[in-house]
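Report on the following structure.
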Amino acid sequence: MEARVSAASASRVWSPPPDASDIVKGIHAMLHPHNIVLVGATDKPGNYAERIWNNLVKYGFEGGLYPVNAKREIIWGVTCYKDFASLPEKPDHVLVLVPARFAVQVIRDAAAAGARSATIVTSGFSELQDDESQRLAAELQAAIRETGLAVTGPNCLGNLSAGEKLFTNIDDRIVTMEQGAVAIAGQSGAIVMAIRQALEDRGVGVGYMVTTGNEAGLETPDLMRYFAEDPSIRVIVVYLEGVRNTKAFRDACKAARAASKPVIALKLGASEGGRAAAMAHTGALAGSIETFDAIATREGVIRVGGLDELIETTECFVHSAVPKGDRLAAVTLSGGKRGMLIDAFYKEGLNFAPLSPHVSSELAKMLGPGSIVGNPLDAGFAAVVDPSVYMKSIKLMIDDPDIDIVIIDAELPKVPHELRERNLRIVNEMASRAAKPVIYVSAMSIGFTEFTKSLRKSLPHLAVMQGMDRAVTAIKSLLDYAKLRKEVPDIVSSSKPAARAVLEKALRSATGAALDEVASKKLLKAYGIPISKEAIAQTAAEAATIATQIGFPVVAKVVSAEILHKSDIGGVVLDLNSAAEVKKAFADITARVKKLKGKPKLDGILIAQQVKAELELVVGASLDAEMGPVVLFGTGGIDIELMKDVALAGAPLDEAEARLLIGRTKAGIKMRGYRGRPALHEASAVKALVGLSNLIADAGDRIASVDINPFLINTRTGVAVDALIVLNNAAARRAAGH
């Protein structure tokens, strides 16, 4: 088989500009190659090589196709080449199908022969745990790095580039090969293939599909960056098992956001990397998936909870313009469905706007008994008897400038139906002229027949959703996306050199798993976080003197880096109103510590100002194994895990982002004056959040978590009265059970 030049390649609309990154250029070469070389070609029945070859032939890839196997002269009815040197032209994209022990040399030989990209289908690398597989994985990464090839895999299932008729994949299900607006990338070949098939079944075109496998070379964020630049793509779908390079991921998200391309992500949530942080309340509450949401949502990522939700959300974004506002309107023919719509949207915090007087008046003229003129509209009996009334009702909603999204409770027909098809095309035409989404919602997932798929493709201006709950979730995501800033500024630490010097000294002198409360508060104070008046005592008499100087009432607390949760062992005594009570508390706490198993070292008893608080807060920070530093704010005190009224944000943050974080919690609502109560001192909480975010960012990977619980706040002030800083060191990992 001789090399052929693709007509699609000759008329290609877009190529990366000269100043594009090498990664973007490499991915373009991989998805738009001049030829494809299959190394490890074999005609053993059912093997991957033969299935990929059959797909390339079946779908008509128009570049050169060259099998390579040193032991064969003819295979699959065409010439088989013994090596790269014997090919009629230099290789461009290489499919590696040889056993793992030979794959590294194939990559080096391919690069030397002039190849620009490769896909390694072969498994047997880092997904296995034996020493030999790990060694091969390291050698493969080194070869990819040294050759500069754009490489997907190993342990992947190939790619799709519809415009090139390229399908280097083992899937034998039908592919339409239409250049669609969706691009998919992810580490699991099976899941990525399932997503492509489900979208295909719904009539949603997929332009690119890339399975990244073990990601020894290209990672999913690299593909996201390419899709953000390719103008043929409007929606990016990713499946993420983990984020290895947080900066690359965030940069890719920013590029997609700047290009107005939503990123819809299905993300696994288990994290083994953050267990040291779980020694503190913050670490326990800031799980991997919550941290991912805190950081990725800011960058414009829409995370979905499962495959069905992913399909509906993708459908919604592909066929819906970004709405100008959140004023919803809906049309139905059923009072029961009207109630279901109201309940489903209310559950997601969305409400239907009152209809304008003009629309209400016009609807009232058309609709009689059996209808409910409102929003949602139950067009009822009049619209069933006279379909033109139904169409006029929809038109009134679409034409109303005070409505941002029109939802129509109806499903596409499974078989030809002249009237319904005609009406759908009329609404599609209305939607094409309207600067707003028009969304058909089926209350249940009814599935698409071949007729439905064909009909759906003829309605490009309508979103067609399956299942009420999933549809509402997708519409909520569309509204949330519309509210995001197009460009999200990077925030850098605003800490002062003096604060960073205190941090470095504290970390150098630390020996245990955590800093004790005194050392923790000294560090917090350096970062501008307000703390209570306090001092440490070594004797009962000294404790009484300190208490008298501070002023009653005071609190007594055990100080030990080995006791992480003081109240659990009776190490905190409140409401001390005299020197005698302070001395007794000193003696009681000391006695309790002496009885503890393990004999923790007692560094003293802290005597602190007891602040009268209107509200107990938790302010914390954690280092996530995947996403990096994050801060947390919410309702604190002893019921923190029970309440779970917390919100998270990536660190560092500035005052504006700190106020946004506070506003996402019930605690924030209370702080700003709830049911006639006075507003609390929010400025102190903002100061604490900013300072803490600077601290965790400045520490790099040396602090696992910081817990300020409680942070007490009233109308005049807010102070940190307890603090725990857990280090990210060997001692902390041992304490966490590693």
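Residue numbering restarts at 1 in every chain; chains get A, B, ... in the order shown in the structure tokens, and ligands count up from 1 in that same order.
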
- Give the strand (DSSP E) residues of stretch 280-525 of chain A, as assigned by DSSP on the backbone, as a PyMOL selection string. chain A and resi 301-304+328-332+377-378+405-409+438-442+463-466+514-515

Using only C-alpha atoms, determine which residues lie at most 12 Å from A:Lys599, disregarding the query and same-chain residues fewer than 6 positions distant; provide the list as a compact mmCIF listing (two decimals) with C-alpha atoms, in the first residue's frame.
```
# COMPACT_ATOMS: atom_id res chain seq x y z
CA SER A 560 2.02 19.07 74.00
CA GLU A 562 2.02 14.76 71.06
CA ILE A 563 -1.59 15.57 72.05
CA THR A 590 -1.37 17.63 84.68
CA ALA A 591 -2.76 14.59 86.47
CA ARG A 592 -4.79 13.50 83.43
CA VAL A 593 -1.77 13.74 81.13
```

Closest atom pairs, residues of stretch 104-129 of chain A within 9 Å of stretch 28-40 of chain A, only C-alpha atoms, as a tab-separated table:
```
residue	atom	partner	partner_atom	distance
A:Val106	CA	A:Val39	CA	8.0
A:Arg116	CA	A:Ala29	CA	6.5
A:Ser117	CA	A:Met30	CA	5.2
A:Ala118	CA	A:Met30	CA	7.0
A:Thr119	CA	A:Met30	CA	8.5
```

- Note on the structure: With distances taken over only C-alpha atoms, the candidate from A:Tyr346, A:Phe448, A:Phe633, A:Tyr440 nearest A:Gly668 is A:Phe633

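In terms of minimum interatomic distance to A:Leu412, A:Arg202 ranks closest within A:Arg202, A:Gly180, A:Lys533, A:Ser432, counting only C-alpha atoms.
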
- Message: Just checking: using only C-alpha atoms, which residue out of A:Pro91, A:Leu328, A:Thr79, A:Leu727 ends up closest to A:Ser509?
- Response: A:Leu727

- Message: Which residue is closest to A:Ile536? Choose from A:Gln549, A:Ala556, A:Tyr81, A:Asn69 and count only C-alpha atoms.
- Response: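 Comparing A:Gln549, A:Ala556, A:Tyr81, A:Asn69 against A:Ile536, the winner is A:Ala556.
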